[in-house]
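Source file model-v8.cif; content: mmCIF, C-alpha atoms.
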data_target
loop_
_atom_site.group_PDB
_atom_site.id
_atom_site.type_symbol
_atom_site.label_atom_id
_atom_site.label_comp_id
_atom_site.auth_asym_id
_atom_site.auth_seq_id
_atom_site.Cartn_x
_atom_site.Cartn_y
_atom_site.Cartn_z
ATOM 1 C CA MET M 1 -13.997 36.546 -7.700
ATOM 2 C CA GLU M 2 -15.936 34.121 -5.549
ATOM 3 C CA ARG M 3 -18.130 31.455 -7.098
ATOM 4 C CA THR M 4 -21.881 31.544 -6.469
ATOM 5 C CA SER M 5 -22.963 29.029 -3.847
ATOM 6 C CA PHE M 6 -25.736 26.593 -4.714
ATOM 7 C CA ALA M 7 -25.788 25.068 -1.216
ATOM 8 C CA ASP M 8 -29.125 26.573 -0.197
ATOM 9 C CA MET M 9 -30.987 25.744 -3.407
ATOM 10 C CA PRO M 10 -33.592 23.002 -3.009
ATOM 11 C CA CYS M 11 -32.371 21.195 -6.156
ATOM 12 C CA PRO M 12 -30.154 18.154 -5.382
ATOM 13 C CA ILE M 13 -28.221 18.727 -8.621
ATOM 14 C CA ALA M 14 -27.388 22.298 -7.568
ATOM 15 C CA ARG M 15 -26.380 21.171 -4.075
ATOM 16 C CA SER M 16 -24.179 18.410 -5.507
ATOM 17 C CA LEU M 17 -22.484 20.889 -7.831
ATOM 18 C CA ASP M 18 -21.828 23.119 -4.856
ATOM 19 C CA GLN M 19 -19.965 20.238 -3.181
ATOM 20 C CA VAL M 20 -17.969 18.841 -6.108
ATOM 21 C CA GLY M 21 -18.711 20.913 -9.212
ATOM 22 C CA GLU M 22 -15.303 22.543 -9.479
ATOM 23 C CA GLY M 23 -12.922 20.793 -11.881
ATOM 24 C CA TRP M 24 -9.941 20.355 -9.568
ATOM 25 C CA SER M 25 -12.175 18.804 -6.901
ATOM 26 C CA LEU M 26 -13.427 16.126 -9.270
ATOM 27 C CA LEU M 27 -9.911 15.369 -10.481
ATOM 28 C CA ILE M 28 -8.635 15.093 -6.895
ATOM 29 C CA LEU M 29 -11.486 12.698 -6.093
ATOM 30 C CA ARG M 30 -10.738 10.713 -9.268
ATOM 31 C CA ASP M 31 -7.122 10.324 -8.211
ATOM 32 C CA ALA M 32 -8.117 9.455 -4.646
ATOM 33 C CA LEU M 33 -10.317 6.701 -6.099
ATOM 34 C CA LEU M 34 -7.220 5.552 -8.012
ATOM 35 C CA GLY M 35 -5.170 5.342 -4.807
ATOM 36 C CA ALA M 36 -3.594 8.779 -4.307
ATOM 37 C CA ARG M 37 -3.349 9.571 -0.587
ATOM 38 C CA ARG M 38 -0.547 12.033 0.049
ATOM 39 C CA PHE M 39 -0.238 15.682 -0.948
ATOM 40 C CA GLN M 40 2.747 14.822 -3.156
ATOM 41 C CA ASP M 41 0.745 12.080 -4.923
ATOM 42 C CA PHE M 42 -1.938 14.551 -5.963
ATOM 43 C CA GLU M 43 0.581 17.248 -6.844
ATOM 44 C CA GLU M 44 2.561 14.907 -9.131
ATOM 45 C CA ARG M 45 -0.437 13.255 -10.803
ATOM 46 C CA LEU M 46 -2.349 16.460 -11.445
ATOM 47 C CA ALA M 47 0.432 19.026 -11.983
ATOM 48 C CA ILE M 48 -1.708 21.292 -9.814
ATOM 49 C CA PRO M 49 -0.305 24.407 -8.112
ATOM 50 C CA PRO M 50 0.394 23.574 -4.437
ATOM 51 C CA ASN M 51 -1.715 26.448 -3.088
ATOM 52 C CA THR M 52 -4.692 25.352 -5.202
ATOM 53 C CA LEU M 53 -4.248 21.754 -4.090
ATOM 54 C CA ALA M 54 -4.050 22.736 -0.421
ATOM 55 C CA ARG M 55 -7.284 24.778 -0.706
ATOM 56 C CA ARG M 56 -9.130 22.024 -2.546
ATOM 57 C CA LEU M 57 -8.012 19.277 -0.120
ATOM 58 C CA LYS M 58 -9.065 21.421 2.843
ATOM 59 C CA LEU M 59 -12.467 22.075 1.262
ATOM 60 C CA LEU M 60 -13.010 18.407 0.370
ATOM 61 C CA CYS M 61 -12.233 17.499 3.985
ATOM 62 C CA GLN M 62 -14.595 20.178 5.318
ATOM 63 C CA ARG M 63 -17.323 18.843 3.040
ATOM 64 C CA GLY M 64 -16.792 15.290 4.258
ATOM 65 C CA LEU M 65 -15.539 13.768 0.996
ATOM 66 C CA LEU M 66 -12.000 13.206 2.240
ATOM 67 C CA GLU M 67 -10.615 12.695 5.723
ATOM 68 C CA ARG M 68 -7.202 14.017 6.736
ATOM 69 C CA ARG M 69 -5.230 11.468 8.772
ATOM 70 C CA ARG M 70 -1.812 11.723 10.398
ATOM 71 C CA TYR M 71 0.435 8.845 9.328
ATOM 72 C CA VAL M 72 3.761 10.106 10.775
ATOM 73 C CA GLU M 73 4.156 12.202 13.915
ATOM 74 C CA ARG M 74 7.743 13.448 13.420
ATOM 75 C CA PRO M 75 7.877 15.238 11.159
ATOM 76 C CA PRO M 76 4.085 15.586 10.986
ATOM 77 C CA ARG M 77 2.778 14.030 7.772
ATOM 78 C CA ASP M 78 -0.848 13.622 6.752
ATOM 79 C CA GLU M 79 -2.679 11.649 4.112
ATOM 80 C CA TYR M 80 -6.150 12.038 2.649
ATOM 81 C CA ALA M 81 -8.536 9.094 2.699
ATOM 82 C CA LEU M 82 -11.862 8.878 0.916
ATOM 83 C CA THR M 83 -14.923 8.818 3.126
ATOM 84 C CA GLU M 84 -18.064 6.893 2.278
ATOM 85 C CA LYS M 85 -19.459 10.147 0.848
ATOM 86 C CA GLY M 86 -16.399 10.440 -1.407
ATOM 87 C CA ARG M 87 -16.481 6.783 -2.500
ATOM 88 C CA ASP M 88 -20.147 7.167 -3.427
ATOM 89 C CA LEU M 89 -19.063 9.477 -6.263
ATOM 90 C CA LEU M 90 -17.470 6.576 -8.179
ATOM 91 C CA PRO M 91 -20.556 5.867 -10.339
ATOM 92 C CA VAL M 92 -20.908 9.583 -11.083
ATOM 93 C CA LEU M 93 -17.287 9.840 -12.232
ATOM 94 C CA LEU M 94 -17.572 6.664 -14.318
ATOM 95 C CA SER M 95 -20.732 8.009 -15.954
ATOM 96 C CA LEU M 96 -19.005 11.324 -16.641
ATOM 97 C CA ALA M 97 -16.061 9.469 -18.186
ATOM 98 C CA ALA M 98 -18.387 7.378 -20.391
ATOM 99 C CA TRP M 99 -20.148 10.544 -21.558
ATOM 100 C CA GLY M 100 -16.776 12.190 -22.274
ATOM 101 C CA ASN M 101 -15.561 9.138 -24.203
ATOM 102 C CA ARG M 102 -18.714 9.194 -26.316
ATOM 103 C CA TRP M 103 -18.970 12.916 -27.047
ATOM 104 C CA LEU M 104 -15.558 14.488 -26.460
ATOM 105 C CA ALA M 105 -12.979 11.930 -27.610
ATOM 106 C CA PRO M 106 -12.988 11.726 -31.436
ATOM 107 C CA GLU M 107 -9.486 10.222 -31.219
ATOM 108 C CA GLY M 108 -10.787 7.419 -28.998
ATOM 109 C CA ALA M 109 -10.989 6.793 -25.278
ATOM 110 C CA SER M 110 -7.916 7.492 -23.166
ATOM 111 C CA PHE M 111 -9.141 4.936 -20.616
ATOM 112 C CA VAL M 112 -12.038 2.531 -20.334
ATOM 113 C CA PRO M 113 -13.336 0.908 -17.167
ATOM 114 C CA ILE M 114 -13.054 -2.868 -16.954
ATOM 115 C CA ASP M 115 -14.376 -5.483 -14.562
ATOM 116 C CA ARG M 116 -11.616 -6.238 -12.063
ATOM 117 C CA GLU M 117 -12.226 -10.009 -12.142
ATOM 118 C CA THR M 118 -13.014 -10.701 -15.798
ATOM 119 C CA GLY M 119 -11.098 -7.900 -17.509
ATOM 120 C CA ARG M 120 -14.132 -7.213 -19.674
ATOM 121 C CA ARG M 121 -15.110 -3.664 -20.513
ATOM 122 C CA VAL M 122 -17.705 -2.071 -18.241
ATOM 123 C CA ASP M 123 -20.214 0.309 -19.810
ATOM 124 C CA PRO M 124 -21.605 2.475 -17.026
ATOM 125 C CA VAL M 125 -25.319 3.197 -17.104
ATOM 126 C CA VAL M 126 -27.649 4.497 -14.456
ATOM 127 C CA VAL M 127 -30.455 2.105 -13.553
ATOM 128 C CA ASP M 128 -33.344 2.096 -11.138
ATOM 129 C CA LYS M 129 -32.238 0.061 -8.119
ATOM 130 C CA ARG M 130 -35.582 -1.744 -7.803
ATOM 131 C CA THR M 131 -36.426 -2.523 -11.441
ATOM 132 C CA LEU M 132 -32.936 -2.383 -13.001
ATOM 133 C CA ARG M 133 -34.507 -0.345 -15.800
ATOM 134 C CA VAL M 134 -32.025 1.955 -17.559
ATOM 135 C CA LEU M 135 -32.738 5.590 -16.739
ATOM 136 C CA ALA M 136 -32.589 7.702 -19.879
ATOM 137 C CA ALA M 137 -33.886 11.064 -21.026
ATOM 138 C CA GLY M 138 -37.626 10.886 -21.473
ATOM 139 C CA ASN M 139 -38.361 7.811 -19.338
ATOM 140 C CA VAL M 140 -37.982 9.513 -15.961
ATOM 141 C CA ALA M 141 -40.275 12.121 -14.473
ATOM 142 C CA LEU M 142 -39.729 14.377 -11.488
ATOM 143 C CA LYS M 143 -42.246 15.114 -8.752
ATOM 144 C CA ALA M 144 -41.954 17.362 -5.730
ATOM 145 C CA GLY M 145 -40.367 15.727 -2.716
ATOM 146 C CA PRO M 146 -41.218 16.230 0.947
ATOM 147 C CA ALA M 147 -38.761 19.139 1.335
ATOM 148 C CA ALA M 148 -39.808 20.948 -1.862
ATOM 149 C CA PRO M 149 -40.630 24.631 -1.445
ATOM 150 C CA ALA M 150 -44.103 25.828 -2.426
ATOM 151 C CA SER M 151 -42.857 27.227 -5.750
ATOM 152 C CA LEU M 152 -41.501 23.813 -6.768
ATOM 153 C CA ARG M 153 -44.676 22.058 -5.594
ATOM 154 C CA ARG M 154 -46.674 24.379 -7.865
ATOM 155 C CA ALA M 155 -44.324 23.784 -10.792
ATOM 156 C CA LEU M 156 -44.531 20.021 -10.314
ATOM 157 C CA VAL M 157 -48.266 19.672 -9.668
ATOM 158 C CA ARG M 158 -47.979 16.991 -12.336
ATOM 159 C CA PRO M 159 -44.674 15.126 -12.647
ATOM 160 C CA ALA M 160 -42.410 16.717 -15.259
ATOM 161 C CA ILE M 161 -40.696 14.475 -17.776
ATOM 162 C CA PHE M 162 -36.949 14.794 -17.267
ATOM 163 C CA GLY M 163 -35.093 15.057 -20.566
ATOM 164 C CA GLY M 164 -38.147 14.704 -22.756
ATOM 165 C CA GLN M 165 -38.253 16.019 -26.291
ATOM 166 C CA SER M 166 -38.186 19.795 -26.600
#
For this file, write the structure as structure tokens.
Amino acid sequence: MERTSFADMPCPIARSLDQVGEGWSLLILRDALLGARRFQDFEERLAIPPNTLARRLKLLCQRGLLERRRYVERPPRDEYALTEKGRDLLPVLLSLAAWGNRWLAPEGASFVPIDRETGRRVDPVVVDKRTLRVLAAGNVALKAGPAAPASLRRALVRPAIFGGQS
């Protein structure tokens, strides 16, 4: 059964899910961010079936998140390197991990991010780049953007509070 595509939806969340919303894809990207490069690296770290891994790596390359590079000609051997698009998912994965540690790990965190130089714990938050204000449910509103379809423009005649009280 084929998964529904969200690629043509005007919502950036839907489009992002279409690119990376499948579990194996996110775990492959996590491991690539941790230094995995070769097929065998991913296979060993993830205990993923080889056919599933091959499909996911091919798809991540087609979507521009990974780049397949030949590192040995004979016998032909390839590795998978993160692209800028793939590296830009780091804050998303760290935020997802922080959320999981808070809500899904009653036994405690299995890993915590730390600052590479100081060794101090890093607590990921999403902030506005200009004001450095923490973005949280209820203090952000959405308005229609330049590419919004008419239906969304009508729905967002006035900005809608994102994550406000229900």
Neighbour residues at most 12 Å from (3.8, 12.7, -0.6) (only C-alpha atoms) as a count of residues only: 17
What is the atom CA of Asp128 of chain M-atom CA of Ser110 of chain M distance in Å, reported with one decimal? 28.6 Å
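Here atom CA of Leu46 of chain M stands at a distance of 12.4 Å from atom CA of Leu34 of chain M.
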12 Å contact set for Ala97 of chain M, only C-alpha atoms, chain neighbours under 3 positions out, as a PyMOL selection string: chain M and resi 26-27+30+90-94+100-105+109-113+122-125
Counting all atoms listed in the file, the option among M:Pro159, M:Ala14, M:Leu59, M:Leu132 closest to Gly145 of chain M: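 Of M:Pro159, M:Ala14, M:Leu59, M:Leu132, the one nearest Gly145 of chain M is M:Pro159, counting all atoms listed in the file.
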